[in-house]
Amino acid sequence: MPFQTSYKYDEDDTSIYVTDLYSGVHTDIDDTERYTDDIDLSVYSGAQVDFKFTPADATDDLVFTLYKRRNSSWSGNEIGWKGAVTVENAGSEAEFHYTIPENYQPGHYRFGLKSSSSTTTFDIEVKMRTWRKTRGIS
């Protein structure tokens with residue numbers, strides 16, 4: 001019998017950064033970089049990360065940077081592992097989705113979040129769901 005590869009997602013989302021507008025306790029995003037909680041992919045194959053954000057105005061854009069380490073001992077001095085992604089701010093609530101794919105390899109990840117300048121602040125909710133590759137008999 002041949003083996004079939006499939007993917008198993010976590011059953012529930014995990015919140016990794018949530019500000020007060022979305023019933024969280026984290027600081028609103030401004031031009032000082034803030035970080036999500038650790039995303040542990042030492043066992044899992046990848047993660048789907050969803051960002052929902054509401055800007056205070058339509059002036060500045062939202063900037064995401066992905067960081068990676070071999071463990072969860074974040075110092076805050078890491079250099080971005082993947083280049084910054086700038087998400088255009090249209091002035092109303094929007095969503096952005098990012099996949100940490102299997103080819104990024106095992107490790108610990110987190111996102112840096114900031115405004116592109118000092119005018120706009122953002123409320124944000126960041127949720128993720130990890131997944132792993134499985135094999136079974138078809």
# chains A, B, ... in the order shown; residues from 1 in each chain; ligands from 1
call {"tool": "residues_around", "arguments": {"residues": "range 101-107 of chain A", "least_positions_apart": "5", "cutoff": "12 Å", "atoms": "only C-alpha atoms", "output": "number ranges by chain"}}
result
A: 7, 38-49, 66-73, 81-82, 130-133
call {"tool": "write_last_selection", "arguments": {"atoms": "N, CA and C atoms", "output": "PDB file, in the first residue's frame"}}
result
ATOM      1  N   TYR A   7      -1.587  17.059   5.689  1.00  0.00           N
ATOM      2  CA  TYR A   7      -1.209  18.092   6.638  1.00  0.00           C
ATOM      3  C   TYR A   7      -2.244  18.170   7.744  1.00  0.00           C
ATOM      4  N   ASP A  38       6.518  33.962  20.848  1.00  0.00           N
ATOM      5  CA  ASP A  38       7.322  32.970  20.141  1.00  0.00           C
ATOM      6  C   ASP A  38       6.441  31.979  19.370  1.00  0.00           C
ATOM      7  N   ILE A  39       6.865  31.659  18.168  1.00  0.00           N
ATOM      8  CA  ILE A  39       6.204  30.636  17.354  1.00  0.00           C
ATOM      9  C   ILE A  39       7.178  29.466  17.281  1.00  0.00           C
ATOM     10  N   ASP A  40       6.874  28.402  18.006  1.00  0.00           N
ATOM     11  CA  ASP A  40       7.778  27.250  18.113  1.00  0.00           C
ATOM     12  C   ASP A  40       7.505  26.261  16.975  1.00  0.00           C
ATOM     13  N   LEU A  41       8.410  26.225  16.015  1.00  0.00           N
ATOM     14  CA  LEU A  41       8.297  25.269  14.912  1.00  0.00           C
ATOM     15  C   LEU A  41       9.412  24.233  14.973  1.00  0.00           C
ATOM     16  N   SER A  42       9.801  23.861  16.196  1.00  0.00           N
ATOM     17  CA  SER A  42      10.816  22.820  16.342  1.00  0.00           C
ATOM     18  C   SER A  42      10.224  21.432  16.104  1.00  0.00           C
ATOM     19  N   VAL A  43       8.912  21.299  16.235  1.00  0.00           N
ATOM     20  CA  VAL A  43       8.227  20.029  15.999  1.00  0.00           C
ATOM     21  C   VAL A  43       7.288  20.141  14.806  1.00  0.00           C
ATOM     22  N   TYR A  44       6.646  21.282  14.654  1.00  0.00           N
ATOM     23  CA  TYR A  44       5.679  21.488  13.576  1.00  0.00           C
ATOM     24  C   TYR A  44       6.383  21.857  12.273  1.00  0.00           C
ATOM     25  N   SER A  45       5.702  21.664  11.155  1.00  0.00           N
ATOM     26  CA  SER A  45       6.273  21.918   9.830  1.00  0.00           C
ATOM     27  C   SER A  45       6.156  23.371   9.411  1.00  0.00           C
ATOM     28  N   GLY A  46       5.119  24.070   9.870  1.00  0.00           N
ATOM     29  CA  GLY A  46       4.902  25.448   9.459  1.00  0.00           C
ATOM     30  C   GLY A  46       3.768  26.066  10.246  1.00  0.00           C
ATOM     31  N   ALA A  47       3.443  27.313   9.882  1.00  0.00           N
ATOM     32  CA  ALA A  47       2.363  28.026  10.560  1.00  0.00           C
ATOM     33  C   ALA A  47       1.692  28.983   9.589  1.00  0.00           C
ATOM     34  N   GLN A  48       0.412  29.157   9.796  1.00  0.00           N
ATOM     35  CA  GLN A  48      -0.363  30.175   9.085  1.00  0.00           C
ATOM     36  C   GLN A  48      -0.631  31.270  10.098  1.00  0.00           C
ATOM     37  N   VAL A  49      -0.221  32.497   9.783  1.00  0.00           N
ATOM     38  CA  VAL A  49      -0.353  33.623  10.711  1.00  0.00           C
ATOM     39  C   VAL A  49      -1.294  34.656  10.096  1.00  0.00           C
ATOM     40  N   LEU A  66      10.009  39.219   9.929  1.00  0.00           N
ATOM     41  CA  LEU A  66      10.069  37.883  10.513  1.00  0.00           C
ATOM     42  C   LEU A  66      11.476  37.614  11.043  1.00  0.00           C
ATOM     43  N   TYR A  67      11.542  37.157  12.296  1.00  0.00           N
ATOM     44  CA  TYR A  67      12.798  36.818  12.959  1.00  0.00           C
ATOM     45  C   TYR A  67      12.833  35.315  13.221  1.00  0.00           C
ATOM     46  N   LYS A  68      14.045  34.752  13.249  1.00  0.00           N
ATOM     47  CA  LYS A  68      14.210  33.316  13.498  1.00  0.00           C
ATOM     48  C   LYS A  68      15.413  33.078  14.409  1.00  0.00           C
ATOM     49  N   ARG A  69      15.251  32.115  15.312  1.00  0.00           N
ATOM     50  CA  ARG A  69      16.339  31.651  16.198  1.00  0.00           C
ATOM     51  C   ARG A  69      16.269  30.136  16.296  1.00  0.00           C
ATOM     52  N   ARG A  70      17.323  29.551  16.827  1.00  0.00           N
ATOM     53  CA  ARG A  70      17.330  28.105  17.044  1.00  0.00           C
ATOM     54  C   ARG A  70      16.621  27.724  18.334  1.00  0.00           C
ATOM     55  N   ASN A  71      16.390  28.712  19.223  1.00  0.00           N
ATOM     56  CA  ASN A  71      15.669  28.467  20.480  1.00  0.00           C
ATOM     57  C   ASN A  71      14.822  29.701  20.799  1.00  0.00           C
ATOM     58  N   SER A  72      14.163  29.697  21.937  1.00  0.00           N
ATOM     59  CA  SER A  72      13.256  30.805  22.271  1.00  0.00           C
ATOM     60  C   SER A  72      13.896  31.870  23.154  1.00  0.00           C
ATOM     61  N   SER A  73      15.208  31.938  23.189  1.00  0.00           N
ATOM     62  CA  SER A  73      15.909  32.927  24.014  1.00  0.00           C
ATOM     63  C   SER A  73      16.101  34.231  23.241  1.00  0.00           C
ATOM     64  N   TRP A  81      15.218  37.980   9.820  1.00  0.00           N
ATOM     65  CA  TRP A  81      15.580  36.816   9.024  1.00  0.00           C
ATOM     66  C   TRP A  81      15.041  36.926   7.609  1.00  0.00           C
ATOM     67  N   LYS A  82      13.837  37.431   7.477  1.00  0.00           N
ATOM     68  CA  LYS A  82      13.232  37.713   6.173  1.00  0.00           C
ATOM     69  C   LYS A  82      13.030  39.222   6.084  1.00  0.00           C
ATOM     70  N   THR A 130      -0.519  26.353  13.811  1.00  0.00           N
ATOM     71  CA  THR A 130       0.586  25.545  13.307  1.00  0.00           C
ATOM     72  C   THR A 130       0.051  24.314  12.584  1.00  0.00           C
ATOM     73  N   TRP A 131       0.908  23.732  11.772  1.00  0.00           N
ATOM     74  CA  TRP A 131       0.543  22.523  11.046  1.00  0.00           C
ATOM     75  C   TRP A 131       1.783  21.650  10.921  1.00  0.00           C
ATOM     76  N   ARG A 132       1.534  20.385  10.691  1.00  0.00           N
ATOM     77  CA  ARG A 132       2.638  19.451  10.475  1.00  0.00           C
ATOM     78  C   ARG A 132       2.290  18.488   9.358  1.00  0.00           C
ATOM     79  N   LYS A 133       3.310  18.029   8.704  1.00  0.00           N
ATOM     80  CA  LYS A 133       3.149  17.063   7.621  1.00  0.00           C
ATOM     81  C   LYS A 133       2.993  15.673   8.245  1.00  0.00           C
TER      82      LYS A 133
END
call {"tool": "select_by_dssp", "arguments": {"residues": "range 19-84 of chain A", "states": "strand (DSSP E)", "output": "list of chain:residue names"}}
result
A:Arg34, A:Tyr35, A:Ile39, A:Asp40, A:Gly46, A:Ala47, A:Gln48, A:Val49, A:Asp50, A:Phe51, A:Lys52, A:Phe53, A:Thr54, A:Pro55, A:Leu62, A:Val63, A:Phe64, A:Thr65, A:Leu66, A:Tyr67, A:Lys68, A:Arg69, A:Lys82, A:Gly83, A:Ala84
call {"tool": "write_last_selection", "arguments": {"atoms": "N, CA and C atoms", "output": "PDB file, in the first residue's frame"}}
result
ATOM      1  N   ARG A  34       7.462  46.274  18.103  1.00  0.00           N
ATOM      2  CA  ARG A  34       6.942  45.369  19.131  1.00  0.00           C
ATOM      3  C   ARG A  34       6.996  43.962  18.556  1.00  0.00           C
ATOM      4  N   TYR A  35       7.006  42.953  19.426  1.00  0.00           N
ATOM      5  CA  TYR A  35       7.191  41.577  18.960  1.00  0.00           C
ATOM      6  C   TYR A  35       6.043  40.678  19.386  1.00  0.00           C
ATOM      7  N   ILE A  39       6.865  31.659  18.168  1.00  0.00           N
ATOM      8  CA  ILE A  39       6.204  30.636  17.354  1.00  0.00           C
ATOM      9  C   ILE A  39       7.178  29.466  17.281  1.00  0.00           C
ATOM     10  N   ASP A  40       6.874  28.402  18.006  1.00  0.00           N
ATOM     11  CA  ASP A  40       7.778  27.250  18.113  1.00  0.00           C
ATOM     12  C   ASP A  40       7.505  26.261  16.975  1.00  0.00           C
ATOM     13  N   GLY A  46       5.119  24.070   9.870  1.00  0.00           N
ATOM     14  CA  GLY A  46       4.902  25.448   9.459  1.00  0.00           C
ATOM     15  C   GLY A  46       3.768  26.066  10.246  1.00  0.00           C
ATOM     16  N   ALA A  47       3.443  27.313   9.882  1.00  0.00           N
ATOM     17  CA  ALA A  47       2.363  28.026  10.560  1.00  0.00           C
ATOM     18  C   ALA A  47       1.692  28.983   9.589  1.00  0.00           C
ATOM     19  N   GLN A  48       0.412  29.157   9.796  1.00  0.00           N
ATOM     20  CA  GLN A  48      -0.363  30.175   9.085  1.00  0.00           C
ATOM     21  C   GLN A  48      -0.631  31.270  10.098  1.00  0.00           C
ATOM     22  N   VAL A  49      -0.221  32.497   9.783  1.00  0.00           N
ATOM     23  CA  VAL A  49      -0.353  33.623  10.711  1.00  0.00           C
ATOM     24  C   VAL A  49      -1.294  34.656  10.096  1.00  0.00           C
ATOM     25  N   ASP A  50      -2.299  35.063  10.859  1.00  0.00           N
ATOM     26  CA  ASP A  50      -3.295  36.023  10.397  1.00  0.00           C
ATOM     27  C   ASP A  50      -3.197  37.296  11.225  1.00  0.00           C
ATOM     28  N   PHE A  51      -3.099  38.418  10.546  1.00  0.00           N
ATOM     29  CA  PHE A  51      -3.007  39.729  11.170  1.00  0.00           C
ATOM     30  C   PHE A  51      -4.274  40.508  10.821  1.00  0.00           C
ATOM     31  N   LYS A  52      -5.010  40.953  11.824  1.00  0.00           N
ATOM     32  CA  LYS A  52      -6.163  41.832  11.607  1.00  0.00           C
ATOM     33  C   LYS A  52      -5.820  43.138  12.317  1.00  0.00           C
ATOM     34  N   PHE A  53      -5.890  44.259  11.602  1.00  0.00           N
ATOM     35  CA  PHE A  53      -5.464  45.511  12.207  1.00  0.00           C
ATOM     36  C   PHE A  53      -6.397  46.663  11.845  1.00  0.00           C
ATOM     37  N   THR A  54      -6.467  47.621  12.770  1.00  0.00           N
ATOM     38  CA  THR A  54      -7.248  48.829  12.587  1.00  0.00           C
ATOM     39  C   THR A  54      -6.344  50.024  12.846  1.00  0.00           C
ATOM     40  N   PRO A  55      -6.141  50.878  11.849  1.00  0.00           N
ATOM     41  CA  PRO A  55      -5.283  52.053  12.039  1.00  0.00           C
ATOM     42  C   PRO A  55      -6.051  53.220  12.658  1.00  0.00           C
ATOM     43  N   LEU A  62       1.811  49.688   7.809  1.00  0.00           N
ATOM     44  CA  LEU A  62       2.204  48.725   8.835  1.00  0.00           C
ATOM     45  C   LEU A  62       3.338  47.871   8.291  1.00  0.00           C
ATOM     46  N   VAL A  63       4.364  47.658   9.112  1.00  0.00           N
ATOM     47  CA  VAL A  63       5.564  46.932   8.683  1.00  0.00           C
ATOM     48  C   VAL A  63       5.740  45.684   9.552  1.00  0.00           C
ATOM     49  N   PHE A  64       5.910  44.527   8.878  1.00  0.00           N
ATOM     50  CA  PHE A  64       6.148  43.244   9.548  1.00  0.00           C
ATOM     51  C   PHE A  64       7.544  42.749   9.190  1.00  0.00           C
ATOM     52  N   THR A  65       8.269  42.247  10.171  1.00  0.00           N
ATOM     53  CA  THR A  65       9.574  41.619   9.932  1.00  0.00           C
ATOM     54  C   THR A  65       9.577  40.264  10.624  1.00  0.00           C
ATOM     55  N   LEU A  66      10.009  39.219   9.929  1.00  0.00           N
ATOM     56  CA  LEU A  66      10.069  37.883  10.513  1.00  0.00           C
ATOM     57  C   LEU A  66      11.476  37.614  11.043  1.00  0.00           C
ATOM     58  N   TYR A  67      11.542  37.157  12.296  1.00  0.00           N
ATOM     59  CA  TYR A  67      12.798  36.818  12.959  1.00  0.00           C
ATOM     60  C   TYR A  67      12.833  35.315  13.221  1.00  0.00           C
ATOM     61  N   LYS A  68      14.045  34.752  13.249  1.00  0.00           N
ATOM     62  CA  LYS A  68      14.210  33.316  13.498  1.00  0.00           C
ATOM     63  C   LYS A  68      15.413  33.078  14.409  1.00  0.00           C
ATOM     64  N   ARG A  69      15.251  32.115  15.312  1.00  0.00           N
ATOM     65  CA  ARG A  69      16.339  31.651  16.198  1.00  0.00           C
ATOM     66  C   ARG A  69      16.269  30.136  16.296  1.00  0.00           C
ATOM     67  N   LYS A  82      13.837  37.431   7.477  1.00  0.00           N
ATOM     68  CA  LYS A  82      13.232  37.713   6.173  1.00  0.00           C
ATOM     69  C   LYS A  82      13.030  39.222   6.084  1.00  0.00           C
ATOM     70  N   GLY A  83      13.160  39.759   4.893  1.00  0.00           N
ATOM     71  CA  GLY A  83      12.998  41.194   4.699  1.00  0.00           C
ATOM     72  C   GLY A  83      11.652  41.698   5.178  1.00  0.00           C
ATOM     73  N   ALA A  84      11.628  42.953   5.559  1.00  0.00           N
ATOM     74  CA  ALA A  84      10.400  43.568   6.044  1.00  0.00           C
ATOM     75  C   ALA A  84       9.345  43.580   4.948  1.00  0.00           C
TER      76      ALA A  84
END
call {"tool": "atom_distance", "arguments": {"atom1": "CA of Thr14 in chain A", "atom2": "CA of His26 in chain A"}}
result
14.7 Å
call {"tool": "residues_around", "arguments": {"residues": "Tyr22 in chain A", "least_positions_apart": "2", "cutoff": "8 Å", "atoms": "only C-alpha atoms", "output": "list in words"}}
result
Val18, Thr19, Asp20, Gly24, Asp123, Ile124 and Glu125 of chain A
call {"tool": "closest_atom_pairs", "arguments": {"of": "range 53-97 of chain A", "to": "range 116-119 of chain A", "cutoff": "10 Å", "atoms": "only C-alpha atoms", "output": "tab-separated table"}}
result
residue	atom	partner	partner_atom	distance
A:Ala56	CA	A:Thr119	CA	9.0
A:Asp57	CA	A:Thr119	CA	8.4
A:Ala58	CA	A:Thr119	CA	9.4
A:Thr59	CA	A:Thr119	CA	6.8
A:Asp60	CA	A:Ser116	CA	5.5
A:Asp61	CA	A:Ser116	CA	5.3
A:Leu62	CA	A:Ser116	CA	6.0
A:Val63	CA	A:Ser116	CA	6.2
A:Phe64	CA	A:Ser116	CA	9.8
A:Thr86	CA	A:Ser116	CA	8.0
A:Val87	CA	A:Ser116	CA	9.6
A:Glu88	CA	A:Ser116	CA	10.0
call {"tool": "decode", "arguments": {"residues": "chain A", "atoms": "C-alpha atoms", "output": "PDB file, in the first residue's frame"}}
result
ATOM      1  CA  MET A   1       0.000   0.000   0.000  1.00  0.00           C
ATOM      2  CA  PRO A   2       1.345   3.477  -0.867  1.00  0.00           C
ATOM      3  CA  PHE A   3       1.781   6.206   1.729  1.00  0.00           C
ATOM      4  CA  GLN A   4      -0.106   9.454   1.341  1.00  0.00           C
ATOM      5  CA  THR A   5       1.215  12.781   2.642  1.00  0.00           C
ATOM      6  CA  SER A   6      -1.272  15.098   4.317  1.00  0.00           C
ATOM      7  CA  TYR A   7      -1.209  18.092   6.638  1.00  0.00           C
ATOM      8  CA  LYS A   8      -2.665  18.298  10.138  1.00  0.00           C
ATOM      9  CA  TYR A   9      -3.552  21.768  11.437  1.00  0.00           C
ATOM     10  CA  ASP A  10      -3.999  22.613  15.112  1.00  0.00           C
ATOM     11  CA  GLU A  11      -7.673  22.613  15.984  1.00  0.00           C
ATOM     12  CA  ASP A  12      -7.621  26.113  17.509  1.00  0.00           C
ATOM     13  CA  ASP A  13      -5.957  29.444  16.797  1.00  0.00           C
ATOM     14  CA  THR A  14      -3.327  30.736  19.201  1.00  0.00           C
ATOM     15  CA  SER A  15      -3.252  34.485  19.887  1.00  0.00           C
ATOM     16  CA  ILE A  16       0.320  35.801  19.762  1.00  0.00           C
ATOM     17  CA  TYR A  17      -0.265  39.586  19.947  1.00  0.00           C
ATOM     18  CA  VAL A  18      -3.572  41.313  20.741  1.00  0.00           C
ATOM     19  CA  THR A  19      -4.190  44.986  21.603  1.00  0.00           C
ATOM     20  CA  ASP A  20      -7.083  46.473  23.587  1.00  0.00           C
ATOM     21  CA  LEU A  21      -9.445  47.101  20.640  1.00  0.00           C
ATOM     22  CA  TYR A  22      -9.472  43.310  20.110  1.00  0.00           C
ATOM     23  CA  SER A  23      -9.776  42.595  23.879  1.00  0.00           C
ATOM     24  CA  GLY A  24      -6.062  42.063  24.459  1.00  0.00           C
ATOM     25  CA  VAL A  25      -3.403  43.571  26.713  1.00  0.00           C
ATOM     26  CA  HIS A  26      -0.496  44.254  24.343  1.00  0.00           C
ATOM     27  CA  THR A  27       0.660  47.771  23.468  1.00  0.00           C
ATOM     28  CA  ASP A  28      -0.727  49.440  20.328  1.00  0.00           C
ATOM     29  CA  ILE A  29       1.689  49.415  17.400  1.00  0.00           C
ATOM     30  CA  ASP A  30       3.556  52.655  16.737  1.00  0.00           C
ATOM     31  CA  ASP A  31       6.986  53.399  15.233  1.00  0.00           C
ATOM     32  CA  THR A  32       8.745  51.410  18.004  1.00  0.00           C
ATOM     33  CA  GLU A  33       9.013  47.768  16.999  1.00  0.00           C
ATOM     34  CA  ARG A  34       6.942  45.369  19.131  1.00  0.00           C
ATOM     35  CA  TYR A  35       7.191  41.577  18.960  1.00  0.00           C
ATOM     36  CA  THR A  36       4.701  38.746  18.841  1.00  0.00           C
ATOM     37  CA  ASP A  37       4.994  35.782  21.161  1.00  0.00           C
ATOM     38  CA  ASP A  38       7.322  32.970  20.141  1.00  0.00           C
ATOM     39  CA  ILE A  39       6.204  30.636  17.354  1.00  0.00           C
ATOM     40  CA  ASP A  40       7.778  27.250  18.113  1.00  0.00           C
ATOM     41  CA  LEU A  41       8.297  25.269  14.912  1.00  0.00           C
ATOM     42  CA  SER A  42      10.816  22.820  16.342  1.00  0.00           C
ATOM     43  CA  VAL A  43       8.227  20.029  15.999  1.00  0.00           C
ATOM     44  CA  TYR A  44       5.679  21.488  13.576  1.00  0.00           C
ATOM     45  CA  SER A  45       6.273  21.918   9.830  1.00  0.00           C
ATOM     46  CA  GLY A  46       4.902  25.448   9.459  1.00  0.00           C
ATOM     47  CA  ALA A  47       2.363  28.026  10.560  1.00  0.00           C
ATOM     48  CA  GLN A  48      -0.363  30.175   9.085  1.00  0.00           C
ATOM     49  CA  VAL A  49      -0.353  33.623  10.711  1.00  0.00           C
ATOM     50  CA  ASP A  50      -3.295  36.023  10.397  1.00  0.00           C
ATOM     51  CA  PHE A  51      -3.007  39.729  11.170  1.00  0.00           C
ATOM     52  CA  LYS A  52      -6.163  41.832  11.607  1.00  0.00           C
ATOM     53  CA  PHE A  53      -5.464  45.511  12.207  1.00  0.00           C
ATOM     54  CA  THR A  54      -7.248  48.829  12.587  1.00  0.00           C
ATOM     55  CA  PRO A  55      -5.283  52.053  12.039  1.00  0.00           C
ATOM     56  CA  ALA A  56      -5.924  55.323  13.856  1.00  0.00           C
ATOM     57  CA  ASP A  57      -5.692  57.105  10.456  1.00  0.00           C
ATOM     58  CA  ALA A  58      -4.544  56.438   6.871  1.00  0.00           C
ATOM     59  CA  THR A  59      -1.130  58.151   7.027  1.00  0.00           C
ATOM     60  CA  ASP A  60       1.491  55.450   7.733  1.00  0.00           C
ATOM     61  CA  ASP A  61       1.716  51.819   6.666  1.00  0.00           C
ATOM     62  CA  LEU A  62       2.204  48.725   8.835  1.00  0.00           C
ATOM     63  CA  VAL A  63       5.564  46.932   8.683  1.00  0.00           C
ATOM     64  CA  PHE A  64       6.148  43.244   9.548  1.00  0.00           C
ATOM     65  CA  THR A  65       9.574  41.619   9.932  1.00  0.00           C
ATOM     66  CA  LEU A  66      10.069  37.883  10.513  1.00  0.00           C
ATOM     67  CA  TYR A  67      12.798  36.818  12.959  1.00  0.00           C
ATOM     68  CA  LYS A  68      14.210  33.316  13.498  1.00  0.00           C
ATOM     69  CA  ARG A  69      16.339  31.651  16.198  1.00  0.00           C
ATOM     70  CA  ARG A  70      17.330  28.105  17.044  1.00  0.00           C
ATOM     71  CA  ASN A  71      15.669  28.467  20.480  1.00  0.00           C
ATOM     72  CA  SER A  72      13.256  30.805  22.271  1.00  0.00           C
ATOM     73  CA  SER A  73      15.909  32.927  24.014  1.00  0.00           C
ATOM     74  CA  TRP A  74      15.045  36.199  22.253  1.00  0.00           C
ATOM     75  CA  SER A  75      17.354  39.109  23.104  1.00  0.00           C
ATOM     76  CA  GLY A  76      15.785  41.823  20.936  1.00  0.00           C
ATOM     77  CA  ASN A  77      19.072  42.284  19.061  1.00  0.00           C
ATOM     78  CA  GLU A  78      18.336  39.776  16.285  1.00  0.00           C
ATOM     79  CA  ILE A  79      18.586  40.845  12.666  1.00  0.00           C
ATOM     80  CA  GLY A  80      15.438  40.239  10.623  1.00  0.00           C
ATOM     81  CA  TRP A  81      15.580  36.816   9.024  1.00  0.00           C
ATOM     82  CA  LYS A  82      13.232  37.713   6.173  1.00  0.00           C
ATOM     83  CA  GLY A  83      12.998  41.194   4.699  1.00  0.00           C
ATOM     84  CA  ALA A  84      10.400  43.568   6.044  1.00  0.00           C
ATOM     85  CA  VAL A  85       6.948  43.427   4.457  1.00  0.00           C
ATOM     86  CA  THR A  86       5.074  46.719   4.243  1.00  0.00           C
ATOM     87  CA  VAL A  87       1.293  46.423   4.234  1.00  0.00           C
ATOM     88  CA  GLU A  88      -0.546  49.391   2.769  1.00  0.00           C
ATOM     89  CA  ASN A  89      -2.829  51.194   5.195  1.00  0.00           C
ATOM     90  CA  ALA A  90      -6.136  52.206   3.581  1.00  0.00           C
ATOM     91  CA  GLY A  91      -7.417  53.785   6.811  1.00  0.00           C
ATOM     92  CA  SER A  92      -9.863  51.039   7.821  1.00  0.00           C
ATOM     93  CA  GLU A  93      -9.717  47.564   9.329  1.00  0.00           C
ATOM     94  CA  ALA A  94      -7.829  45.119   7.104  1.00  0.00           C
ATOM     95  CA  GLU A  95      -6.313  41.653   7.209  1.00  0.00           C
ATOM     96  CA  PHE A  96      -2.948  40.304   6.125  1.00  0.00           C
ATOM     97  CA  HIS A  97      -1.976  36.632   6.010  1.00  0.00           C
ATOM     98  CA  TYR A  98       1.515  35.126   6.131  1.00  0.00           C
ATOM     99  CA  THR A  99       2.549  31.492   5.840  1.00  0.00           C
ATOM    100  CA  ILE A 100       5.738  30.247   7.477  1.00  0.00           C
ATOM    101  CA  PRO A 101       6.320  27.369   5.057  1.00  0.00           C
ATOM    102  CA  GLU A 102       8.016  24.059   5.625  1.00  0.00           C
ATOM    103  CA  ASN A 103      11.093  25.145   3.634  1.00  0.00           C
ATOM    104  CA  TYR A 104      11.910  27.794   6.288  1.00  0.00           C
ATOM    105  CA  GLN A 105      13.026  24.785   8.383  1.00  0.00           C
ATOM    106  CA  PRO A 106      12.615  24.096  12.128  1.00  0.00           C
ATOM    107  CA  GLY A 107      13.276  26.844  14.648  1.00  0.00           C
ATOM    108  CA  HIS A 108      11.640  29.558  16.690  1.00  0.00           C
ATOM    109  CA  TYR A 109      10.062  32.527  14.946  1.00  0.00           C
ATOM    110  CA  ARG A 110       8.418  35.803  15.855  1.00  0.00           C
ATOM    111  CA  PHE A 111       7.241  38.886  14.023  1.00  0.00           C
ATOM    112  CA  GLY A 112       8.341  42.450  14.635  1.00  0.00           C
ATOM    113  CA  LEU A 113       5.473  44.914  14.152  1.00  0.00           C
ATOM    114  CA  LYS A 114       5.743  48.675  13.686  1.00  0.00           C
ATOM    115  CA  SER A 115       4.314  51.706  11.944  1.00  0.00           C
ATOM    116  CA  SER A 116       6.328  53.043   8.991  1.00  0.00           C
ATOM    117  CA  SER A 117       6.508  56.461  10.688  1.00  0.00           C
ATOM    118  CA  SER A 118       5.435  58.229  13.882  1.00  0.00           C
ATOM    119  CA  THR A 119       1.973  59.477  12.876  1.00  0.00           C
ATOM    120  CA  THR A 120      -0.223  56.349  12.788  1.00  0.00           C
ATOM    121  CA  THR A 121      -0.849  53.824  15.553  1.00  0.00           C
ATOM    122  CA  PHE A 122      -2.457  50.453  14.957  1.00  0.00           C
ATOM    123  CA  ASP A 123      -4.614  48.148  17.027  1.00  0.00           C
ATOM    124  CA  ILE A 124      -3.880  44.593  15.980  1.00  0.00           C
ATOM    125  CA  GLU A 125      -4.841  40.989  16.559  1.00  0.00           C
ATOM    126  CA  VAL A 126      -2.314  38.342  15.490  1.00  0.00           C
ATOM    127  CA  LYS A 127      -3.381  34.704  15.549  1.00  0.00           C
ATOM    128  CA  MET A 128      -1.603  31.644  14.272  1.00  0.00           C
ATOM    129  CA  ARG A 129      -2.280  28.006  13.641  1.00  0.00           C
ATOM    130  CA  THR A 130       0.586  25.545  13.307  1.00  0.00           C
ATOM    131  CA  TRP A 131       0.543  22.523  11.046  1.00  0.00           C
ATOM    132  CA  ARG A 132       2.638  19.451  10.475  1.00  0.00           C
ATOM    133  CA  LYS A 133       3.149  17.063   7.621  1.00  0.00           C
ATOM    134  CA  THR A 134       1.846  13.555   8.229  1.00  0.00           C
ATOM    135  CA  ARG A 135       2.027  10.297   6.324  1.00  0.00           C
ATOM    136  CA  GLY A 136      -0.552   7.569   6.308  1.00  0.00           C
ATOM    137  CA  ILE A 137      -1.529   4.585   4.304  1.00  0.00           C
ATOM    138  CA  SER A 138      -3.917   5.497   1.516  1.00  0.00           C
TER     139      SER A 138
END
